[in-house]
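K.L.:
Have a peek at query27.cif (mmCIF, C-alpha atoms and all ligand atoms).
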data_model
#
loop_
_atom_site.label_atom_id
_atom_site.label_comp_id
_atom_site.auth_asym_id
_atom_site.auth_seq_id
_atom_site.Cartn_x
_atom_site.Cartn_y
_atom_site.Cartn_z
CA MET A 1 -59.12 -13.23 -67.44
CA LEU A 2 -60.31 -16.80 -67.39
CA SER A 3 -60.25 -18.65 -64.06
CA GLU A 4 -57.99 -21.69 -63.54
CA ASN A 5 -61.10 -23.86 -63.42
CA THR A 6 -62.47 -22.52 -66.74
CA ILE A 7 -59.12 -23.13 -68.43
CA LYS A 8 -59.03 -26.65 -67.02
CA ILE A 9 -62.54 -27.46 -68.27
CA VAL A 10 -61.93 -26.02 -71.74
CA LYS A 11 -58.64 -27.87 -72.17
CA SER A 12 -59.99 -31.18 -70.91
CA THR A 13 -63.07 -31.04 -73.16
CA ALA A 14 -61.16 -29.86 -76.27
CA PRO A 15 -60.45 -33.45 -77.48
CA VAL A 16 -64.18 -34.30 -77.31
CA LEU A 17 -64.92 -31.24 -79.41
CA ALA A 18 -62.15 -32.14 -81.83
CA GLU A 19 -63.58 -35.59 -82.31
CA ARG A 20 -67.02 -34.21 -83.15
CA GLY A 21 -65.76 -30.87 -84.48
CA VAL A 22 -67.05 -31.08 -88.04
CA GLU A 23 -70.42 -32.38 -86.78
CA ILE A 24 -70.64 -29.42 -84.40
CA THR A 25 -69.60 -26.80 -86.96
CA SER A 26 -71.89 -28.24 -89.67
CA TYR A 27 -74.83 -28.03 -87.25
CA PHE A 28 -73.63 -24.55 -86.25
CA TYR A 29 -73.70 -23.23 -89.83
CA LYS A 30 -77.07 -24.82 -90.59
CA THR A 31 -78.78 -23.27 -87.55
CA LEU A 32 -76.91 -19.96 -87.95
CA PHE A 33 -78.08 -19.51 -91.55
CA GLU A 34 -81.65 -20.59 -90.70
CA ALA A 35 -81.84 -17.85 -88.07
CA HIS A 36 -79.76 -15.21 -89.90
CA PRO A 37 -80.06 -15.88 -93.65
CA GLN A 38 -78.63 -12.41 -94.42
CA LEU A 39 -75.22 -13.83 -93.40
CA LEU A 40 -75.32 -15.84 -96.64
CA ASN A 41 -74.41 -12.52 -98.28
CA ILE A 42 -70.96 -12.90 -96.66
CA PHE A 43 -70.18 -16.62 -96.70
CA ASN A 44 -68.89 -18.56 -99.69
CA HIS A 45 -71.60 -21.12 -100.49
CA ALA A 46 -69.19 -23.34 -102.43
CA ASN A 47 -66.87 -23.71 -99.42
CA GLN A 48 -69.90 -24.60 -97.32
CA LYS A 49 -70.98 -27.29 -99.78
CA GLN A 50 -67.51 -28.84 -99.84
CA GLY A 51 -67.34 -28.80 -96.04
CA ARG A 52 -64.07 -26.88 -96.12
CA GLN A 53 -65.33 -24.00 -94.03
CA GLN A 54 -66.70 -26.38 -91.40
CA THR A 55 -63.31 -28.11 -91.18
CA ALA A 56 -61.43 -24.80 -90.99
CA LEU A 57 -63.62 -23.51 -88.19
CA ALA A 58 -63.49 -26.79 -86.26
CA ASN A 59 -59.66 -26.88 -86.50
CA THR A 60 -59.41 -23.30 -85.26
CA VAL A 61 -61.79 -23.79 -82.36
CA TYR A 62 -59.84 -26.88 -81.31
CA ALA A 63 -56.49 -25.06 -81.56
CA ALA A 64 -57.87 -22.09 -79.60
CA ALA A 65 -59.14 -24.39 -76.86
CA THR A 66 -55.83 -26.22 -76.63
CA TYR A 67 -53.88 -22.95 -76.30
CA ILE A 68 -56.52 -21.03 -74.37
CA ASP A 69 -53.97 -19.96 -71.72
CA GLN A 70 -51.34 -18.91 -74.27
CA LEU A 71 -53.30 -17.57 -77.24
CA GLU A 72 -50.24 -15.62 -78.41
CA VAL A 73 -48.98 -18.95 -79.89
CA LEU A 74 -51.87 -18.74 -82.33
CA LEU A 75 -51.36 -15.14 -83.37
CA PRO A 76 -49.96 -15.88 -86.86
CA ALA A 77 -52.97 -18.12 -87.62
CA VAL A 78 -55.37 -15.59 -86.11
CA LYS A 79 -53.87 -12.82 -88.25
CA GLN A 80 -54.34 -14.86 -91.41
CA ILE A 81 -58.01 -15.47 -90.59
CA ALA A 82 -58.45 -11.83 -89.54
CA HIS A 83 -57.22 -10.73 -92.97
CA LYS A 84 -59.92 -12.88 -94.54
CA HIS A 85 -62.56 -11.55 -92.11
CA ARG A 86 -61.54 -7.94 -92.81
CA SER A 87 -61.64 -8.53 -96.54
CA LEU A 88 -65.20 -9.86 -96.16
CA ASN A 89 -66.29 -6.99 -93.94
CA VAL A 90 -66.90 -9.18 -90.88
CA LYS A 91 -67.68 -6.78 -88.02
CA LYS A 92 -67.50 -6.95 -84.23
CA GLU A 93 -71.28 -7.05 -83.94
CA HIS A 94 -71.24 -10.41 -85.78
CA TYR A 95 -69.22 -12.11 -83.02
CA PRO A 96 -71.99 -12.47 -80.38
CA ILE A 97 -74.25 -14.05 -83.04
CA VAL A 98 -71.60 -16.59 -84.01
CA GLY A 99 -70.87 -17.24 -80.30
CA GLU A 100 -74.53 -17.91 -79.55
CA PHE A 101 -74.90 -20.47 -82.34
CA LEU A 102 -71.55 -22.13 -81.67
CA LEU A 103 -72.50 -22.73 -78.05
CA LYS A 104 -75.94 -23.95 -79.05
CA ALA A 105 -74.29 -26.39 -81.47
CA ILE A 106 -71.95 -27.69 -78.76
CA LYS A 107 -74.95 -28.15 -76.45
CA ASP A 108 -77.20 -29.86 -79.00
CA VAL A 109 -74.56 -32.14 -80.54
CA LEU A 110 -72.84 -33.22 -77.31
CA GLY A 111 -76.11 -33.66 -75.40
CA ASP A 112 -75.57 -34.76 -71.79
CA ALA A 113 -71.79 -34.42 -72.07
CA ALA A 114 -72.27 -30.65 -72.38
CA THR A 115 -73.02 -29.93 -68.72
CA PRO A 116 -73.93 -26.37 -67.64
CA GLU A 117 -70.40 -26.05 -66.23
CA VAL A 118 -68.83 -27.04 -69.58
CA LEU A 119 -71.08 -24.65 -71.50
CA GLN A 120 -70.32 -21.82 -69.10
CA ALA A 121 -66.55 -22.40 -69.55
CA TRP A 122 -66.82 -22.49 -73.35
CA GLY A 123 -68.95 -19.36 -73.36
CA GLU A 124 -66.26 -17.50 -71.44
CA ALA A 125 -63.49 -18.92 -73.63
CA TYR A 126 -65.33 -17.87 -76.80
CA GLN A 127 -65.48 -14.30 -75.58
CA VAL A 128 -61.74 -14.22 -74.94
CA ILE A 129 -60.99 -15.72 -78.38
CA ALA A 130 -63.47 -13.42 -80.14
CA GLN A 131 -61.90 -10.38 -78.48
CA VAL A 132 -58.47 -11.34 -79.88
CA PHE A 133 -59.98 -11.41 -83.41
CA ILE A 134 -61.97 -8.20 -82.89
CA ASP A 135 -58.89 -6.26 -81.69
CA ILE A 136 -56.71 -7.40 -84.60
CA GLU A 137 -59.47 -6.78 -87.15
CA ASN A 138 -60.09 -3.35 -85.69
CA GLU A 139 -56.46 -2.41 -86.43
CA MET A 140 -56.89 -3.72 -89.98
CA TYR A 141 -60.05 -1.66 -90.52
CA GLU A 142 -58.25 1.44 -89.27
CA GLU A 143 -55.42 0.77 -91.72
CA ALA A 144 -57.89 0.34 -94.64
CA ASN A 145 -59.63 3.50 -93.48
CA THR A 146 -56.44 5.54 -93.84
CA HIS A 147 -56.88 4.82 -97.59
CA LYS A 148 -60.56 5.78 -97.30
CA TRP A 149 -61.47 2.25 -98.23
CA GLU A 150 -63.57 0.58 -95.54
CA GLY A 151 -65.89 -2.08 -96.85
CA PHE A 152 -66.80 -2.55 -100.50
CA LYS A 153 -66.05 0.00 -103.21
CA ALA A 154 -67.20 0.02 -106.85
CA PHE A 155 -64.55 -0.64 -109.52
CA LYS A 156 -64.88 -0.42 -113.27
CA VAL A 157 -63.36 -3.00 -115.61
CA MET A 158 -60.98 -0.92 -117.79
CA LYS A 159 -59.55 -3.86 -119.70
CA LYS A 160 -60.29 -7.58 -119.98
CA VAL A 161 -57.51 -9.78 -121.34
CA LYS A 162 -57.57 -13.49 -122.07
CA GLU A 163 -54.33 -14.97 -120.67
CA SER A 164 -54.98 -18.63 -121.59
CA SER A 165 -57.90 -20.89 -122.46
CA LEU A 166 -58.83 -20.86 -118.75
CA ILE A 167 -57.51 -17.63 -117.22
CA THR A 168 -58.70 -14.07 -117.94
CA SER A 169 -57.37 -10.83 -116.42
CA PHE A 170 -59.47 -7.87 -115.35
CA TYR A 171 -57.83 -4.43 -115.00
CA LEU A 172 -59.81 -2.41 -112.45
CA GLN A 173 -60.04 1.26 -111.47
CA ALA A 174 -62.18 2.82 -108.73
CA THR A 175 -65.39 4.25 -110.17
CA ASP A 176 -65.14 7.30 -107.86
CA GLY A 177 -61.72 8.11 -109.34
CA SER A 178 -59.82 7.48 -106.08
CA ASP A 179 -56.24 6.22 -106.21
CA VAL A 180 -55.31 2.59 -105.91
CA PRO A 181 -53.57 2.16 -102.52
CA ALA A 182 -50.20 0.49 -102.13
CA PHE A 183 -50.44 -3.21 -101.40
CA GLN A 184 -47.97 -5.99 -100.74
CA PRO A 185 -47.22 -8.42 -103.58
CA GLY A 186 -49.09 -11.64 -102.81
CA GLN A 187 -52.21 -9.99 -101.35
CA TYR A 188 -55.75 -10.62 -102.55
CA VAL A 189 -59.02 -8.72 -102.83
CA THR A 190 -62.58 -9.90 -102.25
CA VAL A 191 -64.81 -9.48 -105.28
CA ARG A 192 -68.53 -9.15 -104.57
CA LEU A 193 -71.13 -9.70 -107.28
CA THR A 194 -74.86 -9.43 -107.63
CA VAL A 195 -75.84 -12.19 -110.02
CA SER A 196 -79.35 -12.28 -111.43
CA GLY A 197 -81.24 -15.33 -110.23
CA GLU A 198 -79.05 -15.58 -107.12
CA GLU A 199 -80.76 -14.82 -103.84
CA TYR A 200 -77.60 -13.68 -102.07
CA LEU A 201 -74.50 -11.70 -102.95
CA LEU A 202 -71.52 -13.79 -104.04
CA ASN A 203 -68.02 -13.16 -102.67
CA ARG A 204 -64.70 -14.61 -103.81
CA GLN A 205 -61.07 -13.82 -103.13
CA TYR A 206 -58.66 -13.29 -106.02
CA SER A 207 -54.94 -12.56 -105.75
CA LEU A 208 -53.66 -9.38 -107.34
CA SER A 209 -51.53 -10.45 -110.27
CA ASP A 210 -49.57 -7.30 -111.08
CA ALA A 211 -47.02 -5.34 -109.06
CA PRO A 212 -48.26 -2.55 -106.79
CA GLY A 213 -47.83 1.08 -107.81
CA LYS A 214 -49.92 0.97 -110.99
CA ASP A 215 -53.05 3.06 -111.52
CA TYR A 216 -55.14 -0.12 -111.65
CA LEU A 217 -55.57 -3.39 -109.78
CA ARG A 218 -55.37 -6.56 -111.82
CA ILE A 219 -56.99 -9.87 -110.93
CA SER A 220 -56.63 -12.98 -113.10
CA VAL A 221 -59.48 -15.43 -112.77
CA LYS A 222 -59.51 -19.10 -113.65
CA ARG A 223 -62.77 -20.46 -115.03
CA GLU A 224 -63.68 -23.15 -112.49
CA GLY A 225 -65.75 -26.21 -113.35
CA ALA A 226 -67.01 -27.21 -116.78
CA GLU A 227 -70.50 -25.88 -116.05
CA PRO A 228 -71.32 -22.85 -113.90
CA SER A 229 -72.20 -25.02 -110.88
CA THR A 230 -71.81 -23.79 -107.30
CA LEU A 231 -68.07 -24.23 -107.66
CA GLY A 232 -67.63 -22.11 -110.75
CA LYS A 233 -70.48 -19.67 -110.27
CA VAL A 234 -68.45 -16.52 -109.75
CA SER A 235 -65.57 -17.29 -112.10
CA ASN A 236 -67.89 -18.27 -114.95
CA TYR A 237 -69.97 -15.16 -114.39
CA LEU A 238 -66.85 -12.98 -114.53
CA HIS A 239 -65.65 -14.69 -117.71
CA ASP A 240 -69.01 -14.67 -119.50
CA HIS A 241 -70.86 -11.60 -118.27
CA VAL A 242 -68.46 -9.01 -116.85
CA ASN A 243 -66.99 -6.92 -119.65
CA GLU A 244 -65.04 -3.73 -120.16
CA GLY A 245 -67.05 -0.82 -118.72
CA ASP A 246 -68.92 -3.00 -116.22
CA GLU A 247 -68.66 -2.52 -112.46
CA ILE A 248 -67.84 -4.95 -109.68
CA GLU A 249 -67.26 -4.33 -105.97
CA LEU A 250 -63.97 -4.90 -104.15
CA THR A 251 -62.61 -4.61 -100.63
CA ALA A 252 -59.11 -3.28 -99.95
CA PRO A 253 -56.17 -5.69 -100.48
CA ALA A 254 -55.64 -8.17 -97.65
CA GLY A 255 -53.60 -11.25 -96.77
CA ASP A 256 -50.27 -12.12 -95.21
CA PHE A 257 -48.84 -14.39 -97.92
CA VAL A 258 -46.60 -11.55 -99.02
CA LEU A 259 -43.15 -11.04 -100.41
CA ASP A 260 -40.70 -10.06 -97.66
CA GLU A 261 -38.90 -7.22 -99.40
CA SER A 262 -36.44 -6.74 -96.55
CA ASN A 263 -35.03 -10.18 -97.41
CA LYS A 264 -32.27 -10.07 -100.02
CA SER A 265 -31.60 -13.81 -100.16
CA PRO A 266 -32.27 -15.82 -103.34
CA LEU A 267 -35.94 -16.25 -104.09
CA TYR A 268 -37.82 -19.28 -105.41
CA LEU A 269 -41.36 -18.68 -106.68
CA ILE A 270 -43.05 -22.05 -107.26
CA SER A 271 -46.60 -22.22 -108.58
CA GLY A 272 -49.09 -24.67 -110.04
CA GLY A 273 -51.98 -23.63 -112.31
CA VAL A 274 -53.74 -20.43 -111.27
CA GLY A 275 -51.46 -20.33 -108.19
CA ILE A 276 -49.29 -18.30 -110.57
CA THR A 277 -51.28 -15.11 -109.84
CA PRO A 278 -49.62 -13.96 -106.56
CA MET A 279 -46.26 -15.08 -108.00
CA MET A 280 -46.69 -12.69 -110.93
CA SER A 281 -47.16 -9.82 -108.51
CA MET A 282 -44.04 -10.86 -106.58
CA LEU A 283 -41.92 -11.42 -109.69
CA LYS A 284 -42.87 -8.08 -111.22
CA ARG A 285 -42.21 -6.28 -107.95
CA VAL A 286 -38.72 -7.81 -107.68
CA ALA A 287 -38.04 -6.79 -111.29
CA GLU A 288 -38.83 -3.19 -110.30
CA GLN A 289 -37.31 -2.99 -106.83
CA GLN A 290 -34.68 -5.71 -106.31
CA THR A 291 -33.11 -6.14 -109.72
CA ASP A 292 -29.96 -7.80 -108.33
CA ARG A 293 -31.88 -10.47 -106.49
CA ALA A 294 -31.40 -14.07 -107.63
CA VAL A 295 -34.83 -15.37 -108.65
CA THR A 296 -35.97 -18.80 -109.81
CA PHE A 297 -39.49 -18.89 -111.20
CA ILE A 298 -40.90 -22.42 -111.49
CA HIS A 299 -44.36 -22.93 -112.90
CA ALA A 300 -46.32 -26.14 -113.44
CA ALA A 301 -49.13 -26.25 -115.99
CA LYS A 302 -50.76 -28.95 -118.07
CA ASN A 303 -49.46 -27.42 -121.32
CA SER A 304 -49.23 -24.11 -123.18
CA GLU A 305 -52.96 -24.00 -123.89
CA VAL A 306 -53.76 -23.43 -120.23
CA GLN A 307 -50.58 -21.63 -119.19
CA ALA A 308 -51.12 -17.94 -118.49
CA PHE A 309 -48.51 -15.16 -118.69
CA HIS A 310 -45.91 -17.06 -120.73
CA GLN A 311 -44.83 -13.92 -122.57
CA GLU A 312 -45.08 -11.63 -119.52
CA ILE A 313 -42.87 -13.97 -117.48
CA THR A 314 -40.21 -14.06 -120.22
CA GLU A 315 -40.24 -10.26 -120.49
CA THR A 316 -39.99 -9.83 -116.72
CA ILE A 317 -37.25 -12.43 -116.30
CA ASN A 318 -35.26 -10.62 -118.99
CA LEU A 319 -35.20 -7.55 -116.74
CA LEU A 320 -33.47 -9.55 -114.01
CA PRO A 321 -29.82 -10.48 -114.69
CA ASN A 322 -29.86 -13.19 -111.98
CA ALA A 323 -33.13 -14.85 -112.81
CA ARG A 324 -34.10 -18.12 -114.45
CA THR A 325 -37.39 -19.75 -115.22
CA TYR A 326 -38.64 -23.31 -115.58
CA ASN A 327 -41.90 -24.17 -117.29
CA VAL A 328 -42.89 -27.65 -116.24
CA TYR A 329 -45.62 -29.21 -118.39
CA GLU A 330 -47.53 -32.25 -117.27
CA ASN A 331 -48.88 -33.08 -120.70
CA PRO A 332 -47.18 -31.08 -123.50
CA THR A 333 -48.93 -30.85 -126.86
CA ALA A 334 -47.20 -31.72 -130.13
CA SER A 335 -46.80 -28.02 -130.83
CA ASP A 336 -45.24 -27.50 -127.36
CA ARG A 337 -42.61 -30.07 -128.30
CA GLU A 338 -42.05 -28.51 -131.68
CA ASN A 339 -41.83 -24.93 -130.37
CA LYS A 340 -40.02 -25.88 -127.15
CA THR A 341 -42.46 -23.92 -124.98
CA PHE A 342 -41.49 -25.87 -121.85
CA ASP A 343 -38.29 -26.80 -120.01
CA LEU A 344 -39.25 -29.93 -118.09
CA GLU A 345 -41.91 -32.59 -118.42
CA GLY A 346 -44.01 -34.23 -115.68
CA TYR A 347 -44.70 -32.95 -112.17
CA ILE A 348 -42.54 -30.72 -110.00
CA ASP A 349 -41.15 -33.39 -107.70
CA TYR A 350 -38.20 -34.09 -105.45
CA GLN A 351 -35.93 -35.11 -108.31
CA LYS A 352 -36.57 -31.96 -110.32
CA LEU A 353 -36.27 -29.70 -107.30
CA GLN A 354 -33.04 -31.41 -106.27
CA GLU A 355 -31.52 -30.30 -109.56
CA ILE A 356 -33.00 -26.81 -109.60
CA VAL A 357 -32.61 -25.76 -105.95
CA THR A 358 -29.04 -24.65 -105.39
CA ASP A 359 -29.54 -22.62 -102.22
CA LYS A 360 -31.38 -24.20 -99.30
CA GLU A 361 -31.23 -21.00 -97.25
CA ALA A 362 -33.24 -19.13 -99.92
CA ALA A 363 -36.81 -17.85 -99.46
CA PHE A 364 -39.42 -20.17 -101.00
CA TYR A 365 -42.96 -19.15 -101.93
CA VAL A 366 -45.37 -21.87 -103.01
CA CYS A 367 -48.92 -21.52 -104.33
CA GLY A 368 -51.23 -23.91 -106.16
CA PRO A 369 -53.72 -26.73 -105.67
CA VAL A 370 -53.51 -28.64 -102.37
CA PRO A 371 -51.89 -31.88 -103.72
CA PHE A 372 -49.33 -29.80 -105.64
CA MET A 373 -48.40 -27.82 -102.55
CA ARG A 374 -48.20 -30.91 -100.39
CA ASN A 375 -45.76 -32.53 -102.85
CA VAL A 376 -43.63 -29.42 -103.30
CA ILE A 377 -43.44 -28.62 -99.59
CA ASP A 378 -42.60 -32.24 -98.70
CA ALA A 379 -39.89 -32.28 -101.39
CA LEU A 380 -38.40 -28.99 -100.17
CA GLU A 381 -38.35 -30.23 -96.58
CA THR A 382 -36.69 -33.47 -97.68
CA LEU A 383 -34.08 -31.39 -99.45
CA GLY A 384 -33.32 -29.74 -96.13
CA VAL A 385 -35.10 -26.40 -96.58
CA LYS A 386 -36.16 -25.08 -93.17
CA THR A 387 -39.92 -24.82 -92.60
CA GLU A 388 -39.64 -21.13 -91.69
CA ASN A 389 -38.22 -20.39 -95.15
CA ILE A 390 -41.22 -21.94 -96.93
CA HIS A 391 -44.22 -19.62 -97.36
CA PHE A 392 -47.41 -20.91 -98.88
CA GLU A 393 -51.02 -20.07 -99.51
CA PHE A 394 -54.11 -22.07 -100.37
CA PHE A 395 -57.01 -20.85 -102.32
CA GLY A 396 -59.96 -21.50 -100.05
CA PRO A 397 -60.26 -21.77 -96.28
CA SER A 398 -56.99 -22.64 -94.57
CA ILE A 399 -56.85 -26.24 -93.66
CA ASN A 400 -54.14 -28.37 -92.21
CA LEU A 401 -52.07 -29.42 -95.23
CA LYS A 402 -50.94 -32.69 -93.76
CA GLU A 403 -54.44 -33.79 -92.80
CA TYR A 404 -56.35 -32.71 -95.85
C1 LIG A 501 -63.41 -17.58 -92.44
C2 LIG A 501 -62.62 -18.82 -87.81
C3 LIG A 501 -65.87 -15.52 -86.41
C4 LIG A 501 -67.27 -15.05 -91.02
C5 LIG A 501 -62.91 -18.18 -91.30
C6 LIG A 501 -61.89 -19.19 -91.30
C7 LIG A 501 -61.67 -19.54 -90.02
C8 LIG A 501 -62.56 -18.75 -89.18
C9 LIG A 501 -60.68 -20.57 -89.51
C10 LIG A 501 -61.17 -19.75 -92.54
C11 LIG A 501 -60.09 -18.77 -92.88
C12 LIG A 501 -59.55 -18.89 -94.27
O1 LIG A 501 -60.35 -18.85 -95.21
O2 LIG A 501 -58.35 -19.00 -94.41
C13 LIG A 501 -63.42 -18.01 -87.03
C14 LIG A 501 -63.40 -17.99 -85.58
C15 LIG A 501 -64.31 -17.06 -85.18
C16 LIG A 501 -64.90 -16.49 -86.39
C17 LIG A 501 -62.52 -18.88 -84.70
C18 LIG A 501 -64.71 -16.64 -83.79
C19 LIG A 501 -63.88 -16.48 -82.79
C20 LIG A 501 -66.55 -15.11 -87.55
C21 LIG A 501 -67.66 -14.18 -87.56
C22 LIG A 501 -68.07 -14.07 -88.86
C23 LIG A 501 -67.20 -14.91 -89.66
C24 LIG A 501 -68.22 -13.48 -86.32
C25 LIG A 501 -69.21 -13.24 -89.40
C26 LIG A 501 -70.41 -13.65 -89.42
C27 LIG A 501 -66.34 -15.70 -91.79
C28 LIG A 501 -66.39 -15.75 -93.24
C29 LIG A 501 -65.27 -16.47 -93.65
C30 LIG A 501 -64.57 -16.86 -92.44
C31 LIG A 501 -67.47 -15.15 -94.12
C32 LIG A 501 -64.87 -16.84 -95.07
C33 LIG A 501 -65.39 -18.19 -95.28
C34 LIG A 501 -65.89 -18.48 -96.63
O3 LIG A 501 -66.62 -17.66 -97.16
O4 LIG A 501 -65.58 -19.57 -97.09
N1 LIG A 501 -63.30 -17.93 -90.00
N2 LIG A 501 -64.33 -17.10 -87.49
N3 LIG A 501 -66.30 -15.52 -88.83
N4 LIG A 501 -65.24 -16.37 -91.35
FE1 LIG A 501 -64.77 -16.67 -89.44
#
Could you show the structure in this file as structure tokens?
Ligand code: HEM

P.N.:
Amino acid sequence: MLSENTIKIVKSTAPVLAERGVEITSYFYKTLFEAHPQLLNIFNHANQKQGRQQTALANTVYAAATYIDQLEVLLPAVKQIAHKHRSLNVKKEHYPIVGEFLLKAIKDVLGDAATPEVLQAWGEAYQVIAQVFIDIENEMYEEANTHKWEGFKAFKVMKKVKESSLITSFYLQATDGSDVPAFQPGQYVTVRLTVSGEEYLLNRQYSLSDAPGKDYLRISVKREGAEPSTLGKVSNYLHDHVNEGDEIELTAPAGDFVLDESNKSPLYLISGGVGITPMMSMLKRVAEQQTDRAVTFIHAAKNSEVQAFHQEITETINLLPNARTYNVYENPTASDRENKTFDLEGYIDYQKLQEIVTDKEAAFYVCGPVPFMRNVIDALETLGVKTENIHFEFFGPSINLKEY
């Protein structure tokens, strides 16, 4: 239990930390990795370079400080982060290390403003916050353990299928022959690779793109970046060097952007680009388990050259008597026009959604690049859809949509 005084100090200094949050967390990561370079085997170097991880951590620390006396308010956000931590094999013994360097960063960046009293209060607060994460993650590890899948496990690529000029699917089975556990449509796995010439292991999260209950897991990977720079390192390696018969390592499925199967209300699955992957898992699950459900599948792509799963969507939609689909192309090719491969042209915006969305009480799932999601979510809210009915997921560290 934190004392009244500690709570008061933490809350009153939270705005100062918020103001210099990214400075503090950038310094934190730099000094952390200098002292413990082995942690670079866990962290995504591309997110570090873009500053997204620093922003995500700073936002969370600020939120935790603001709600330090009612941390239960933050539980949904904590759970989302805990899923990511569990999928990266973050363990309780890592927390004191992170705590030490976070406090050091607060001390060094704030200078005189970080009095011993302030540092003492933040040290205590960190322990309380860390314990909330550790307890939730512990439950998640126990759950993964019931499937005998704690940490990373080797998987063999059984099949590699090109879905579009940019997206390729990998069908994966455990090398030790163990079964694929049930997962919830929308969840992701962490892929870990050893890449020659790279000093550290590389980790990335990819959504599972097929329904659960198969004897394989499928991920569908977009080739990022024109050249295999930091941003596209893993995706380019998977596309160019990981072939049928090769092995990669995975952790058990994680994530809370999942289809609520207890909900029978109409369903809108809205995706942009490679944001289609979790939607495929959801759509295919509904086609197997909730065939009467009304489903609207809306997908935005540049044109048919980069659109994945065109055929698979059509086949799946045909299994659902109450389903419809809209392909929205930003820049259709001449052959798209000739073959009528798309339904609407331009972006998915308020006007289009106003015509398509007939039920504002429906469940909405949105996934895609940040600007796409911001536009779609704003448009849905303007249409009168309640925030609690809109579910969304970013690829990359969670950041505040409105501020990004
Ligand atoms: C991701 C917060 C402790 C390793 C994240 C994210 C947040 C966060 C907000 C972004 C989540 C997302 O991607 O959606 C925190 C807080 C901590 C904490 C508040 C302490 C109370 C730790 C510890 C480790 C760790 C102890 C292990 C060394 C990671 C890694 C990621 C992550 C590897 C994924 C980031 C990436 O690779 O881009 N954490 N974290 N975190 N955290 Fe933590």

K.L.:
Return as number ranges by chain every polymer residue, whether protein, DNA or RNA, with at least one atom no more than 7 Å from an atom of ligand LIG 501 (chain A); count only C-alpha atoms and all ligand atoms.

P.N.:
A: 39, 42-45, 47-48, 53, 56-57, 60-61, 80-81, 84-85, 88, 90-92, 94-95, 97-98, 126, 129-130, 133, 396-398

K.L.:
Those same residues - C-alpha atoms - I'd like them written as a compact mmCIF listing (two decimals), in the frame of the given file.

P.N.:
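Heads up, here's the output in part_27.txt:
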# COMPACT_ATOMS: atom_id res chain seq x y z
CA LEU A 39 -75.22 -13.83 -93.40
CA ILE A 42 -70.96 -12.90 -96.66
CA PHE A 43 -70.18 -16.62 -96.70
CA ASN A 44 -68.89 -18.56 -99.69
CA HIS A 45 -71.60 -21.12 -100.49
CA ASN A 47 -66.87 -23.71 -99.42
CA GLN A 48 -69.90 -24.60 -97.32
CA GLN A 53 -65.33 -24.00 -94.03
CA ALA A 56 -61.43 -24.80 -90.99
CA LEU A 57 -63.62 -23.51 -88.19
CA THR A 60 -59.41 -23.30 -85.26
CA VAL A 61 -61.79 -23.79 -82.36
CA GLN A 80 -54.34 -14.86 -91.41
CA ILE A 81 -58.01 -15.47 -90.59
CA LYS A 84 -59.92 -12.88 -94.54
CA HIS A 85 -62.56 -11.55 -92.11
CA LEU A 88 -65.20 -9.86 -96.16
CA VAL A 90 -66.90 -9.18 -90.88
CA LYS A 91 -67.68 -6.78 -88.02
CA LYS A 92 -67.50 -6.95 -84.23
CA HIS A 94 -71.24 -10.41 -85.78
CA TYR A 95 -69.22 -12.11 -83.02
CA ILE A 97 -74.25 -14.05 -83.04
CA VAL A 98 -71.60 -16.59 -84.01
CA TYR A 126 -65.33 -17.87 -76.80
CA ILE A 129 -60.99 -15.72 -78.38
CA ALA A 130 -63.47 -13.42 -80.14
CA PHE A 133 -59.98 -11.41 -83.41
CA GLY A 396 -59.96 -21.50 -100.05
CA PRO A 397 -60.26 -21.77 -96.28
CA SER A 398 -56.99 -22.64 -94.57

K.L.:
Quote the spacing between atom CA of A:His241 and atom CA of A:Asp210 in Å to one decimal place.

P.N.:
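Going from atom CA of A:His241 over to atom CA of A:Asp210 covers 22.9 Å.
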
K.L.:
Around (-48.7, -4.4, -107.6), as given in the file, which residues come within 7 Å? Count only C-alpha atoms and list them as a list in words.

P.N.:
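Selection result: Phe183, Pro185, Asp210, Ala211, Pro212, Gly213, Lys214, Ser281 and Arg285 of chain A.
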
K.L.:
Counting all atoms listed in the file, figure out which residue out of A:Val161, A:Ala154, A:Val242, A:Leu32 gets nearest to A:Lys104.

P.N.:
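For A:Lys104, the nearest of the candidates is A:Leu32.
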
K.L.:
What lies within 12 Å of A:Glu315 using all atoms listed in the file, ignoring chain neighbours under 2 positions off, as a list in words?

P.N.:
Met280, Leu283, Lys284, Ala287, Phe309, His310, Gln311, Glu312, Ile313, Ile317, Asn318, Leu319, Leu320, Pro321, Ala323, Arg324 and Thr325 of chain A

K.L.:
Can you pull out the residues contacting A:Glu261? Cut-off 10 Å, using all atoms listed in the file, and skip same-chain residues under 4 positions away; I want them as an NGL selection string.

P.N.:
:A and (184-185 or 265 or 282 or 285-286 or 289-290)

K.L.:
Emit the selected residues as a tab-separated table (two decimals), keeping the file's coordinate frame, including C-alpha atoms.

P.N.:
chain	number	residue	atom	x	y	z
A	184	GLN	CA	-47.97	-5.99	-100.74
A	185	PRO	CA	-47.22	-8.42	-103.58
A	265	SER	CA	-31.60	-13.81	-100.16
A	282	MET	CA	-44.04	-10.86	-106.58
A	285	ARG	CA	-42.21	-6.28	-107.95
A	286	VAL	CA	-38.72	-7.81	-107.68
A	289	GLN	CA	-37.31	-2.99	-106.83
A	290	GLN	CA	-34.68	-5.71	-106.31

K.L.:
Could you tell me which of A:Leu231, A:Ala14, A:Ile9, A:Val132 comes closest to A:Lys49 if we count only C-alpha atoms?

P.N.:
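Selected residue with least distance to A:Lys49: A:Leu231.
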